[in-house]
$ cat entry.txt   # compact mmCIF, C-alpha atoms
# COMPACT_ATOMS: atom_id res chain seq x y z
CA MET Y 1007 27.94 33.51 -28.31
CA ALA Y 1008 30.51 31.43 -26.43
CA PHE Y 1009 30.46 27.66 -26.74
CA GLY Y 1010 29.33 27.34 -23.11
CA GLY Y 1011 26.34 29.60 -23.77
CA ILE Y 1012 25.33 27.60 -26.84
CA LEU Y 1013 25.59 24.37 -24.85
CA TRP Y 1014 23.34 25.71 -22.12
CA MET Y 1015 20.82 26.93 -24.69
CA LEU Y 1016 20.76 23.47 -26.27
CA ILE Y 1017 20.22 21.89 -22.86
CA LEU Y 1018 17.39 24.35 -22.15
CA TYR Y 1019 15.68 23.68 -25.49
CA MET Y 1020 16.10 19.94 -25.05
CA THR Y 1021 14.57 20.12 -21.57
CA ILE Y 1022 11.61 22.12 -22.86
CA PHE Y 1023 11.14 19.67 -25.73
CA ILE Y 1024 11.23 16.67 -23.41
CA HIS Y 1025 8.65 18.20 -21.07
CA PHE Y 1026 6.46 19.14 -24.02
CA MET Y 1027 6.55 15.56 -25.30
CA LEU Y 1028 5.75 14.26 -21.82
CA LEU Y 1029 2.84 16.68 -21.59
CA ALA Y 1030 1.55 15.53 -24.99
CA TRP Y 1031 1.94 11.92 -23.90
CA GLY Y 1032 0.06 12.70 -20.69
CA VAL Y 1033 -2.89 14.17 -22.58
CA TYR Y 1034 -2.99 11.21 -24.98
CA TYR Y 1035 -2.65 8.72 -22.13
CA ARG Y 1036 -5.38 10.45 -20.14
CA LEU Y 1037 -7.78 10.28 -23.09
CA THR Y 1038 -7.08 6.65 -24.05
CA ARG Y 1039 -6.22 4.48 -21.05
CA PRO Y 1040 -7.74 5.39 -17.67
CA TYR Y 1041 -11.41 4.83 -16.92
CA LEU Y 1042 -13.26 7.10 -14.49
CA PRO Y 1043 -16.49 5.47 -13.30
CA GLN Y 1044 -19.50 7.73 -12.91
CA GLY Y 1045 -19.86 6.84 -9.24
CA ILE Y 1046 -16.36 7.82 -8.15
CA SER Y 1047 -15.95 11.06 -6.20
CA GLY Y 1048 -13.30 13.75 -6.68
CA ARG Y 1049 -12.97 13.14 -10.42
CA ALA Y 1050 -10.98 16.32 -11.11
CA ASN Y 1051 -8.57 15.50 -8.26
CA LEU Y 1052 -8.18 11.98 -9.57
CA ILE Y 1053 -7.39 13.22 -13.09
CA PHE Y 1054 -4.73 15.55 -11.69
CA VAL Y 1055 -3.12 12.94 -9.43
CA ASP Y 1056 -3.19 10.33 -12.19
CA PHE Y 1057 -1.44 12.76 -14.53
CA VAL Y 1058 1.23 13.61 -11.94
CA VAL Y 1059 1.85 9.94 -11.16
CA GLY Y 1060 2.01 9.01 -14.85
CA TYR Y 1061 4.29 11.97 -15.59
CA GLY Y 1062 6.60 10.88 -12.79
CA PHE Y 1063 6.74 7.31 -14.07
CA VAL Y 1064 7.56 8.35 -17.64
CA LEU Y 1065 10.13 10.97 -16.67
CA GLY Y 1066 11.68 8.52 -14.22
CA ALA Y 1067 11.87 5.84 -16.93
CA PHE Y 1068 13.50 8.38 -19.28
CA LEU Y 1069 16.12 9.26 -16.66
CA GLU Y 1070 16.75 5.57 -16.08
CA LYS Y 1071 17.38 4.98 -19.78
CA LEU Y 1072 19.89 7.85 -19.72
CA GLY Y 1073 21.66 6.15 -16.82
CA ILE Y 1074 21.03 9.09 -14.48
CA CYS Y 1075 18.99 7.27 -11.83
CA ARG Y 1076 16.50 4.44 -11.44
CA LYS Y 1077 12.93 5.55 -11.94
CA HIS Y 1078 11.84 4.44 -8.48
CA ILE Y 1079 14.47 6.71 -6.93
CA PHE Y 1080 13.16 9.61 -9.00
CA LEU Y 1081 9.61 8.91 -7.82
CA ARG Y 1082 10.75 8.82 -4.20
CA VAL Y 1083 12.52 12.16 -4.57
CA MET Y 1084 9.43 13.62 -6.23
CA TYR Y 1085 7.13 12.53 -3.39
CA ASP Y 1086 9.57 13.48 -0.63
CA ALA Y 1087 9.81 17.00 -2.09
CA ILE Y 1088 6.28 17.76 -0.86
CA PRO Y 1089 6.82 20.10 2.12
CA THR Y 1090 5.45 19.52 5.62
CA ARG Y 1091 5.30 21.88 8.58
CA LYS Y 1092 6.28 21.29 12.17
CA ASP Y 1093 3.43 20.59 14.56
CA SER Y 1094 3.63 22.50 17.82
CA LYS Y 1095 1.18 20.10 19.51
CA LEU Y 1096 3.33 17.02 19.02
CA ILE Y 1097 6.76 15.84 20.08
CA ARG Y 1098 8.50 14.14 17.17
CA LYS Y 1099 11.71 12.13 17.35
CA ASP Y 1100 13.68 10.20 14.74
CA LEU Y 1101 15.11 7.08 16.37
CA VAL Y 1102 16.72 3.79 15.38
CA PHE Y 1103 15.22 0.48 16.57
CA ASP Y 1104 17.74 -2.34 16.22
CA GLY Y 1105 19.20 -0.78 13.08
CA VAL Y 1106 15.87 0.29 11.55
CA PRO Y 1107 15.05 4.03 11.32
CA VAL Y 1108 11.70 5.02 12.82
CA ARG Y 1109 9.84 8.19 13.71
CA VAL Y 1110 7.78 8.48 16.90
CA TYR Y 1111 5.06 11.05 17.63
CA TRP Y 1112 3.81 11.90 21.12
CA PRO Y 1113 0.90 14.25 21.94
CA LYS Y 1114 2.10 17.09 24.19
CA THR Y 1115 -1.07 17.05 26.25
CA PRO Y 1116 -0.63 15.38 29.68
CA ALA Y 1117 -1.78 11.76 30.00
CA ALA Y 1118 -3.04 10.02 33.14
CA GLY Y 1119 -0.93 6.97 32.32
CA ASN Y 1120 0.64 5.18 29.41
CA ARG Y 1121 -1.05 5.88 26.08
CA ARG Y 1122 -2.31 3.65 23.35
CA GLY Y 1123 0.39 2.80 20.77
CA ILE Y 1124 -0.07 2.72 17.00
CA ILE Y 1125 2.51 1.16 14.67
CA TYR Y 1126 1.91 2.64 11.20
CA LEU Y 1127 3.40 1.12 8.03
CA HIS Y 1128 3.17 3.21 4.88
CA GLY Y 1129 2.06 2.11 1.42
CA GLY Y 1130 3.96 2.30 -1.85
CA ALA Y 1131 4.30 -1.36 -2.95
CA GLY Y 1132 7.60 -1.67 -1.08
CA LEU Y 1133 9.11 0.48 -3.86
CA ILE Y 1134 8.23 4.08 -2.97
CA GLY Y 1135 6.83 6.01 0.00
CA SER Y 1136 8.58 7.16 3.14
CA ILE Y 1137 8.19 8.52 6.66
CA GLN Y 1138 8.20 12.00 5.11
CA VAL Y 1139 5.37 11.25 2.69
CA TYR Y 1140 3.16 9.94 5.52
CA GLU Y 1141 4.06 12.67 8.01
CA LYS Y 1142 0.59 14.26 7.91
CA VAL Y 1143 -1.17 10.90 8.18
CA CYS Y 1144 0.77 9.95 11.32
CA ARG Y 1145 0.28 13.38 12.87
CA PHE Y 1146 -3.47 13.19 12.29
CA ILE Y 1147 -3.66 9.74 13.92
CA ALA Y 1148 -1.58 10.86 16.92
CA HIS Y 1149 -3.71 13.99 17.41
CA GLN Y 1150 -7.15 12.57 16.85
CA SER Y 1151 -6.70 9.29 18.75
CA ASP Y 1152 -4.45 10.72 21.49
CA SER Y 1153 -1.96 7.93 20.83
CA VAL Y 1154 1.77 7.46 20.48
CA VAL Y 1155 2.42 6.69 16.82
CA MET Y 1156 5.54 4.91 15.57
CA THR Y 1157 6.19 4.69 11.83
CA VAL Y 1158 8.98 2.76 10.11
CA GLY Y 1159 11.48 3.93 7.50
CA PHE Y 1160 12.00 0.48 6.04
CA ARG Y 1161 14.34 -0.20 3.13
CA LEU Y 1162 12.80 -0.35 -0.33
CA ALA Y 1163 13.00 -2.51 -3.42
CA PRO Y 1164 14.41 -2.92 -5.99
CA GLU Y 1165 17.59 -2.12 -4.06
CA HIS Y 1166 16.36 -4.33 -1.19
CA LEU Y 1167 14.08 -7.07 -2.46
CA TYR Y 1168 11.34 -8.92 -0.59
CA PRO Y 1169 11.38 -9.88 2.24
CA VAL Y 1170 13.79 -7.14 3.41
CA PRO Y 1171 11.20 -4.31 3.68
CA VAL Y 1172 8.70 -6.35 5.70
CA LEU Y 1173 11.46 -7.81 7.89
CA ASP Y 1174 12.62 -4.27 8.70
CA CYS Y 1175 9.06 -3.54 9.83
CA LEU Y 1176 9.01 -6.74 11.88
CA THR Y 1177 12.27 -5.79 13.60
CA ALA Y 1178 10.98 -2.32 14.52
CA THR Y 1179 7.66 -3.75 15.71
CA ILE Y 1180 9.30 -6.27 18.03
CA HIS Y 1181 11.51 -3.55 19.53
CA PHE Y 1182 8.49 -1.31 20.12
CA LEU Y 1183 6.52 -4.11 21.75
CA LYS Y 1184 9.41 -5.06 24.03
CA ASN Y 1185 10.10 -1.47 25.08
CA ALA Y 1186 6.62 0.04 24.92
CA GLU Y 1187 6.62 1.56 28.41
CA GLU Y 1188 9.89 3.33 27.68
CA TYR Y 1189 7.98 5.30 25.06
CA GLY Y 1190 4.99 6.00 27.27
CA VAL Y 1191 2.88 3.24 25.70
CA ASP Y 1192 0.70 0.61 27.35
CA PRO Y 1193 2.14 -2.69 26.03
CA ASN Y 1194 -1.35 -4.25 26.20
CA CYS Y 1195 -2.89 -1.63 23.92
CA ILE Y 1196 -0.82 -1.50 20.74
CA ALA Y 1197 -2.37 -1.70 17.28
CA ILE Y 1198 -0.55 -2.22 14.00
CA ALA Y 1199 -1.88 -0.44 10.93
CA GLY Y 1200 -1.08 0.19 7.29
CA ASP Y 1201 -2.51 1.22 3.94
CA SER Y 1202 -2.11 -0.65 0.65
CA SER Y 1203 1.21 -2.56 0.83
CA GLY Y 1204 1.61 -1.17 4.35
CA GLY Y 1205 -1.55 -3.12 5.13
CA THR Y 1206 0.11 -6.19 3.61
CA PHE Y 1207 3.05 -5.70 5.97
CA ALA Y 1208 0.79 -5.09 8.98
CA ALA Y 1209 -1.22 -8.27 8.36
CA ALA Y 1210 1.91 -10.34 7.69
CA ILE Y 1211 3.61 -9.11 10.88
CA CYS Y 1212 0.49 -9.63 12.97
CA GLN Y 1213 0.26 -13.19 11.68
CA GLU Y 1214 3.96 -13.75 12.26
CA LEU Y 1215 3.70 -12.68 15.92
CA VAL Y 1216 0.62 -14.61 17.03
CA THR Y 1217 2.75 -17.53 18.22
CA ARG Y 1218 5.31 -15.35 20.05
CA GLU Y 1219 4.68 -15.88 23.77
CA ASP Y 1220 7.64 -13.70 24.76
CA LEU Y 1221 5.99 -10.51 23.44
CA PRO Y 1222 2.86 -8.53 24.33
CA ARG Y 1223 0.01 -9.43 21.99
CA LEU Y 1224 -1.01 -6.83 19.46
CA ARG Y 1225 -4.38 -5.42 20.49
CA ALA Y 1226 -5.72 -4.73 16.99
CA LEU Y 1227 -4.98 -4.96 13.28
CA VAL Y 1228 -5.95 -2.02 11.05
CA LEU Y 1229 -5.98 -2.47 7.27
CA ILE Y 1230 -6.75 0.28 4.77
CA TYR Y 1231 -7.40 -1.06 1.23
CA PRO Y 1232 -4.69 -3.74 1.62
CA PHE Y 1233 -3.03 -5.98 -0.97
CA LEU Y 1234 -3.38 -9.51 0.44
CA GLN Y 1235 -2.99 -12.13 -2.29
CA ALA Y 1236 -1.14 -12.85 -5.55
CA VAL Y 1237 -3.09 -15.91 -6.67
CA ASP Y 1238 -6.02 -14.48 -8.65
CA PHE Y 1239 -5.81 -11.17 -10.50
CA ASP Y 1240 -9.11 -11.84 -12.26
CA LEU Y 1241 -11.46 -11.44 -9.28
CA PRO Y 1242 -14.45 -9.13 -9.83
CA SER Y 1243 -12.71 -6.01 -8.51
CA TYR Y 1244 -9.68 -6.66 -10.70
CA GLN Y 1245 -11.92 -6.88 -13.76
CA GLN Y 1246 -14.19 -3.97 -12.88
CA ASN Y 1247 -11.42 -1.57 -11.86
CA GLN Y 1248 -8.55 -2.71 -14.08
CA SER Y 1249 -8.27 0.73 -15.72
CA VAL Y 1250 -9.33 2.94 -12.80
CA PRO Y 1251 -6.48 5.23 -11.75
CA PRO Y 1252 -4.18 5.51 -9.99
CA LEU Y 1253 -3.77 1.76 -9.38
CA PHE Y 1254 -4.41 -0.20 -12.57
CA ARG Y 1255 -4.48 -3.98 -12.47
CA LYS Y 1256 -1.32 -4.23 -14.57
CA ARG Y 1257 0.42 -1.72 -12.32
CA VAL Y 1258 -0.38 -3.84 -9.24
CA VAL Y 1259 1.19 -6.91 -10.81
CA LYS Y 1260 4.21 -5.00 -12.12
CA PHE Y 1261 4.85 -3.52 -8.69
CA GLY Y 1262 4.60 -6.92 -7.03
CA SER Y 1263 6.86 -8.54 -9.60
CA THR Y 1264 9.50 -5.82 -9.21
CA TYR Y 1265 9.28 -6.10 -5.41
CA ILE Y 1266 10.08 -9.83 -5.67
CA THR Y 1267 12.47 -10.02 -8.62
CA GLY Y 1268 13.96 -6.51 -8.91
CA LYS Y 1269 13.21 -6.66 -12.64
CA GLU Y 1270 10.49 -5.43 -14.94
CA ILE Y 1271 9.23 -8.42 -16.86
CA ASN Y 1272 6.15 -9.22 -18.91
CA VAL Y 1273 3.38 -9.71 -16.33
CA ASP Y 1274 0.55 -10.60 -18.71
CA PRO Y 1275 0.93 -14.36 -17.99
CA VAL Y 1276 0.76 -13.62 -14.25
CA ILE Y 1277 -2.43 -11.60 -14.71
CA LYS Y 1278 -3.87 -14.62 -16.55
CA GLY Y 1279 -2.84 -16.99 -13.75
CA ALA Y 1280 -0.02 -18.91 -15.45
CA HIS Y 1281 2.13 -18.65 -12.29
CA ILE Y 1282 -0.06 -20.93 -10.14
CA PRO Y 1283 0.44 -24.72 -10.25
CA PRO Y 1284 -2.86 -26.61 -10.57
CA ASP Y 1285 -2.50 -28.32 -7.16
CA LEU Y 1286 -1.94 -24.99 -5.38
CA ARG Y 1287 -4.79 -23.36 -7.28
CA GLU Y 1288 -7.07 -26.09 -6.00
CA LYS Y 1289 -5.76 -25.66 -2.44
CA TYR Y 1290 -6.28 -21.89 -2.43
CA ARG Y 1291 -9.71 -22.02 -4.08
CA LYS Y 1292 -11.43 -22.34 -0.70
CA TRP Y 1293 -9.95 -18.96 0.34
CA ILE Y 1294 -9.52 -17.07 -2.93
CA SER Y 1295 -12.48 -17.37 -5.23
CA ALA Y 1296 -15.11 -15.12 -6.73
CA ASP Y 1297 -17.63 -17.47 -5.10
CA ASN Y 1298 -16.63 -15.95 -1.75
CA ILE Y 1299 -17.40 -12.40 -2.92
CA PRO Y 1300 -20.93 -11.17 -2.07
CA GLU Y 1301 -23.12 -10.87 -5.15
CA GLU Y 1302 -23.66 -7.14 -4.60
CA PHE Y 1303 -20.02 -6.56 -5.52
CA LYS Y 1304 -20.44 -8.31 -8.88
CA ALA Y 1305 -23.23 -6.00 -10.01
CA ARG Y 1306 -20.92 -3.83 -12.13
CA GLY Y 1307 -19.94 -6.88 -14.16
CA TYR Y 1308 -17.91 -10.04 -13.77
CA VAL Y 1309 -17.06 -12.78 -16.29
CA PRO Y 1310 -15.23 -15.86 -14.95
CA ASN Y 1311 -12.23 -16.77 -17.09
CA ALA Y 1312 -10.25 -19.98 -17.16
CA PRO Y 1313 -6.63 -19.49 -16.09
CA ALA Y 1314 -3.82 -19.69 -18.62
CA PRO Y 1315 -1.83 -22.94 -18.84
CA PHE Y 1316 0.67 -23.31 -16.01
CA SER Y 1317 4.24 -22.10 -16.71
CA GLU Y 1318 7.03 -23.53 -14.58
CA GLU Y 1319 9.33 -20.65 -15.54
CA ILE Y 1320 6.88 -17.96 -14.45
CA TYR Y 1321 6.13 -19.88 -11.24
CA GLU Y 1322 9.85 -20.05 -10.37
CA GLN Y 1323 10.17 -16.29 -10.91
CA HIS Y 1324 7.22 -15.48 -8.64
CA LYS Y 1325 6.87 -18.37 -6.19
CA MET Y 1326 7.86 -16.20 -3.23
CA GLY Y 1327 4.63 -14.34 -3.90
CA LEU Y 1328 2.81 -17.38 -2.53
CA GLU Y 1329 4.38 -17.02 0.91
CA ALA Y 1330 2.09 -15.76 3.68
CA MET Y 1331 4.58 -12.97 4.44
CA PHE Y 1332 3.94 -11.62 0.93
CA ALA Y 1333 0.29 -12.69 0.64
CA PRO Y 1334 -1.31 -12.84 4.10
CA LEU Y 1335 -4.55 -14.37 2.75
CA LEU Y 1336 -2.60 -17.60 2.29
CA ALA Y 1337 -1.95 -18.12 6.01
CA GLU Y 1338 -3.40 -21.30 7.51
CA ASP Y 1339 -6.56 -21.20 9.62
CA ASP Y 1340 -4.71 -21.94 12.86
CA ILE Y 1341 -2.86 -18.63 12.37
CA ILE Y 1342 -5.87 -16.60 11.18
CA ARG Y 1343 -8.01 -17.59 14.17
CA GLN Y 1344 -5.42 -16.18 16.59
CA LEU Y 1345 -5.47 -12.68 15.08
CA PRO Y 1346 -6.73 -9.75 17.15
CA GLU Y 1347 -9.79 -7.61 16.53
CA THR Y 1348 -9.47 -6.16 13.05
CA PHE Y 1349 -10.52 -2.97 11.29
CA LEU Y 1350 -10.79 -3.27 7.52
CA LEU Y 1351 -11.56 -0.53 5.00
CA THR Y 1352 -12.29 -1.24 1.34
CA CYS Y 1353 -13.09 1.04 -1.60
CA GLU Y 1354 -15.54 0.22 -4.39
CA TYR Y 1355 -13.39 1.49 -7.27
CA ASP Y 1356 -10.17 -0.16 -6.10
CA VAL Y 1357 -8.66 -3.25 -7.76
CA LEU Y 1358 -7.73 -4.46 -4.26
CA ARG Y 1359 -11.31 -4.31 -2.97
CA ASP Y 1360 -11.84 -8.07 -3.18
CA ASP Y 1361 -8.60 -8.85 -1.36
CA GLY Y 1362 -10.12 -7.06 1.62
CA LEU Y 1363 -13.51 -8.74 1.24
CA LEU Y 1364 -11.91 -12.20 1.09
CA TYR Y 1365 -9.80 -11.47 4.18
CA LYS Y 1366 -12.89 -10.24 6.01
CA LYS Y 1367 -14.62 -13.54 5.28
CA ARG Y 1368 -11.63 -15.56 6.47
CA LEU Y 1369 -11.42 -13.60 9.70
CA GLU Y 1370 -15.13 -13.94 10.39
CA ASP Y 1371 -15.12 -17.65 9.50
CA ASN Y 1372 -12.39 -18.09 12.13
CA GLY Y 1373 -14.18 -16.11 14.85
CA VAL Y 1374 -12.12 -12.90 14.66
CA PRO Y 1375 -14.19 -9.72 15.31
CA VAL Y 1376 -14.13 -7.44 12.25
CA THR Y 1377 -15.16 -3.81 11.86
CA HIS Y 1378 -15.62 -3.23 8.14
CA HIS Y 1379 -16.14 0.10 6.39
CA HIS Y 1380 -16.74 0.20 2.65
CA LEU Y 1381 -16.47 3.49 0.79
CA PRO Y 1382 -18.87 3.21 -2.19
CA ASP Y 1383 -17.52 6.26 -4.07
CA ALA Y 1384 -13.77 5.89 -3.52
CA GLY Y 1385 -10.75 4.40 -5.26
CA HIS Y 1386 -7.25 3.48 -4.14
CA ALA Y 1387 -4.48 5.59 -2.53
CA GLY Y 1388 -6.49 8.19 -0.62
CA LEU Y 1389 -4.02 8.31 2.27
CA SER Y 1390 -0.93 8.79 0.11
CA ILE Y 1391 -2.17 12.27 -0.82
CA PHE Y 1392 -3.75 13.20 2.52
CA GLY Y 1393 -2.92 16.82 3.28
CA TRP Y 1394 -2.49 17.87 -0.35
CA GLY Y 1395 -5.02 20.65 0.15
CA PRO Y 1396 -7.35 21.10 -2.85
CA PHE Y 1397 -5.88 18.02 -4.57
CA GLU Y 1398 -6.72 15.65 -1.70
CA PHE Y 1399 -9.31 12.98 -2.49
CA PRO Y 1400 -12.68 13.27 -0.69
CA SER Y 1401 -12.00 9.78 0.68
CA SER Y 1402 -8.64 10.69 2.22
CA LYS Y 1403 -10.02 12.12 5.44
CA LYS Y 1404 -12.88 9.61 5.58
CA CYS Y 1405 -10.37 6.75 5.74
CA LEU Y 1406 -8.57 8.31 8.67
CA GLN Y 1407 -11.73 9.31 10.50
CA HIS Y 1408 -13.12 5.76 10.36
CA MET Y 1409 -9.76 4.40 11.49
CA VAL Y 1410 -9.44 6.85 14.40
CA GLN Y 1411 -12.99 6.17 15.54
CA PHE Y 1412 -12.13 2.47 15.77
CA LEU Y 1413 -8.88 3.10 17.63
CA LYS Y 1414 -10.41 5.46 20.20
CA VAL Y 1415 -12.84 2.86 21.52
CA LEU Y 1416 -10.32 0.02 21.82
CA SER Y 1417 -10.39 -1.38 25.34
CA LYS Y 1418 -7.21 -2.52 27.04

$ encode --input "entry.txt" --output "structure tokens"
Amino acid sequence: MAFGGILWMLILYMTIFIHFMLLAWGVYYRLTRPYLPQGISGRANLIFVDFVVGYGFVLGAFLEKLGICRKHIFLRVMYDAIPTRKDSKLIRKDLVFDGVPVRVYWPKTPAAGNRRGIIYLHGGAGLIGSIQVYEKVCRFIAHQSDSVVMTVGFRLAPEHLYPVPVLDCLTATIHFLKNAEEYGVDPNCIAIAGDSSGGTFAAAICQELVTREDLPRLRALVLIYPFLQAVDFDLPSYQQNQSVPPLFRKRVVKFGSTYITGKEINVDPVIKGAHIPPDLREKYRKWISADNIPEEFKARGYVPNAPAPFSEEIYEQHKMGLEAMFAPLLAEDDIIRQLPETFLLTCEYDVLRDDGLLYKKRLEDNGVPVTHHHLPDAGHAGLSIFGWGPFEFPSSKKCLQHMVQFLKVLSK
């Protein structure tokens, strides 16, 4: 056999061996780390998705060690490879708003006047996700709510660290608000929405714009299981769901740390609260505390823990995480009370559940109308796999249906 043939055989065997080891790791990991609560729905789907996500992370990390590509790039390619079909009932255009790529969807059915506008910001921790991944989500919203939907292809970390991704979204949002009628949208009936970190961006942008008198006011804020604070990772939902896939507590903190610093560092001290100076912890206690969580959400267990001693070094690494643009729950009351009517969806088996519950309380305490839906049998990330056929979570469509129902009854 020629040398070239031997080389290719070695590469083939090595590839098979690597995948076999990853498969073995996946089985071991699945049996030892994740926790599937009895009350969560779609358990088989969750096991499959958790395995795929974990497989992607490990294979991506392996490729990064070989110097082939960064693992986040591999994950993006993996997600973007999921095919989507064209929709004959929608007009879809890829545009650029002040240097930021966006995609806009219009229903083809005739409209009596300008339509409602929805700005949708995708999840993915500012590290992964794309317009392509959320194609089916945006199409569903456009169809079912008879709205014009604009979604943003913002830049991602770690290549573009915080606040670049959220500022891209802010730029695109301002352009859309200023030029709404050009896109067949009523400027007085525009909502901004997002899931997970996309919800973070949506809340941050909405808060940023409440003082802008030169722009139309956003009509509504729509948040699907959002990340909203980086002060306390030991709230009841973080304890109860710390090992529930696909979003473990440690994974949340690692994602946030990478989004800010561009590095993967030891996040255990952050989980224990060593990044918060005592004076700021006292200031934020009135907004971020297990005391503000209804008792019914502590029924599955909660043990208050004292925070770790403050570390100046860890604080300096993560202090941007205490900005309201990163953690919207930290905005002052005079900003919160100016927010528009808000839709908020939380999931029982989601580490981020209590972020949403705390934000709901702050909104209501400041007189902002809130429509809250809580899914008692769901975990995180339902929308990121919407349209995956038999692998879709039972909660995926429920999230969108609740959201669309809210949007359809918005008055101008």

$ axis_aligned_box --input "entry.txt" --around "range 1315-1332 of chain Y" --padding-each-side "3 Å" --output "JSON"
{"center_x": 4.2, "center_y": -17.6, "center_z": -7.2, "size_x": 18.0, "size_y": 17.9, "size_z": 29.3}

$ atom_distance --input "entry.txt" --atom1 "CA of Arg1306 in chain Y" --atom2 "CA of Gln1248 in chain Y"
12.6 Å

$ atom_distance --input "entry.txt" --atom1 "CA of Val1250 in chain Y" --atom2 "CA of Arg1359 in chain Y"
12.4 Å

$ atom_distance --input "entry.txt" --atom1 "CA of Gly1205 in chain Y" --atom2 "CA of Phe1316 in chain Y"
29.3 Å

$ closest_residue --input "entry.txt" --among "Y:Phe1349, Y:Phe1261, Y:Ala1209, Y:Lys1256" --to "Leu1335 in chain Y" --atoms "only C-alpha atoms"
Y:Ala1209

$ residues_near_point --input "entry.txt" --point "(-0.5, 7.6, 22.1)" --cutoff "8 Å" --atoms "only C-alpha atoms" --output "PyMOL selection string"
chain Y and resi 1111-1113+1120-1124+1148+1151-1155+1190-1191

$ closest_residue --input "entry.txt" --among "Y:Phe1160, Y:Phe1332, Y:Phe1146, Y:Tyr1290" --to "Pro1107 in chain Y" --atoms "all atoms listed in the file"
Y:Phe1160

$ residues_near_point --input "entry.txt" --point "(15.4, -2.8, -1.0)" --cutoff "10 Å" --atoms "only C-alpha atoms" --output "ChimeraX atom specification"
/Y:1132-1133,1160-1171,1265-1266,1268

$ residues_around --input "entry.txt" --residues "Phe1303 in chain Y" --least-positions-apart "3" --cutoff "12 Å" --atoms "all atoms listed in the file" --output "PyMOL selection string"
chain Y and resi 1241-1247+1296-1300+1306-1308+1352-1356+1359-1360+1363-1364+1380+1382

$ write_last_selection --input "entry.txt" --atoms "C-alpha atoms" --output "mmCIF file, keeping the file's coordinate frame"
data_model
loop_
_atom_site.group_PDB
_atom_site.id
_atom_site.type_symbol
_atom_site.label_atom_id
_atom_site.label_comp_id
_atom_site.auth_asym_id
_atom_site.auth_seq_id
_atom_site.Cartn_x
_atom_site.Cartn_y
_atom_site.Cartn_z
ATOM 1 C CA LEU Y 1241 -11.460 -11.440 -9.280
ATOM 2 C CA PRO Y 1242 -14.450 -9.130 -9.830
ATOM 3 C CA SER Y 1243 -12.710 -6.010 -8.510
ATOM 4 C CA TYR Y 1244 -9.680 -6.660 -10.700
ATOM 5 C CA GLN Y 1245 -11.920 -6.880 -13.760
ATOM 6 C CA GLN Y 1246 -14.190 -3.970 -12.880
ATOM 7 C CA ASN Y 1247 -11.420 -1.570 -11.860
ATOM 8 C CA ALA Y 1296 -15.110 -15.120 -6.730
ATOM 9 C CA ASP Y 1297 -17.630 -17.470 -5.100
ATOM 10 C CA ASN Y 1298 -16.630 -15.950 -1.750
ATOM 11 C CA ILE Y 1299 -17.400 -12.400 -2.920
ATOM 12 C CA PRO Y 1300 -20.930 -11.170 -2.070
ATOM 13 C CA ARG Y 1306 -20.920 -3.830 -12.130
ATOM 14 C CA GLY Y 1307 -19.940 -6.880 -14.160
ATOM 15 C CA TYR Y 1308 -17.910 -10.040 -13.770
ATOM 16 C CA THR Y 1352 -12.290 -1.240 1.340
ATOM 17 C CA CYS Y 1353 -13.090 1.040 -1.600
ATOM 18 C CA GLU Y 1354 -15.540 0.220 -4.390
ATOM 19 C CA TYR Y 1355 -13.390 1.490 -7.270
ATOM 20 C CA ASP Y 1356 -10.170 -0.160 -6.100
ATOM 21 C CA ARG Y 1359 -11.310 -4.310 -2.970
ATOM 22 C CA ASP Y 1360 -11.840 -8.070 -3.180
ATOM 23 C CA LEU Y 1363 -13.510 -8.740 1.240
ATOM 24 C CA LEU Y 1364 -11.910 -12.200 1.090
ATOM 25 C CA HIS Y 1380 -16.740 0.200 2.650
ATOM 26 C CA PRO Y 1382 -18.870 3.210 -2.190
#

$ residues_around --input "entry.txt" --residues "Ala1067 in chain Y" --least-positions-apart "3" --cutoff "12 Å" --atoms "only C-alpha atoms" --output "MDAnalysis selection string"
chainID Y and resid 1028 1060:1064 1070:1081 1270

$ closest_residue --input "entry.txt" --among "Y:Pro1251, Y:Pro1400, Y:Gly1066, Y:Gly1159" --to "Pro1040 in chain Y" --atoms "all atoms listed in the file"
Y:Pro1251

$ closest_residue --input "entry.txt" --among "Y:Leu1234, Y:Ile1271, Y:Leu1328, Y:Val1228" --to "Val1376 in chain Y" --atoms "only C-alpha atoms"
Y:Val1228

$ residues_around --input "entry.txt" --residues "Arg1368 in chain Y" --least-positions-apart "5" --cutoff "10 Å" --atoms "all atoms listed in the file" --output "list in words"
Lys1292, Trp1293, Ile1294, Asn1298, Leu1335, Asp1339, Ile1342, Arg1343, Gly1362, Leu1363, Gly1373 and Val1374 of chain Y

$ write_last_selection --input "entry.txt" --atoms "C-alpha atoms" --output "short mmCIF file (atom, residue, chain, number, x, y, z; two decimals), keeping the file's coordinate frame"
data_model
loop_
_atom_site.label_atom_id
_atom_site.label_comp_id
_atom_site.auth_asym_id
_atom_site.auth_seq_id
_atom_site.Cartn_x
_atom_site.Cartn_y
_atom_site.Cartn_z
CA LYS Y 1292 -11.43 -22.34 -0.70
CA TRP Y 1293 -9.95 -18.96 0.34
CA ILE Y 1294 -9.52 -17.07 -2.93
CA ASN Y 1298 -16.63 -15.95 -1.75
CA LEU Y 1335 -4.55 -14.37 2.75
CA ASP Y 1339 -6.56 -21.20 9.62
CA ILE Y 1342 -5.87 -16.60 11.18
CA ARG Y 1343 -8.01 -17.59 14.17
CA GLY Y 1362 -10.12 -7.06 1.62
CA LEU Y 1363 -13.51 -8.74 1.24
CA GLY Y 1373 -14.18 -16.11 14.85
CA VAL Y 1374 -12.12 -12.90 14.66
#

$ closest_residue --input "entry.txt" --among "Y:Pro1116, Y:Leu1065, Y:Val1158, Y:Arg1255" --to "Leu1101 in chain Y" --atoms "all atoms listed in the file"
Y:Val1158
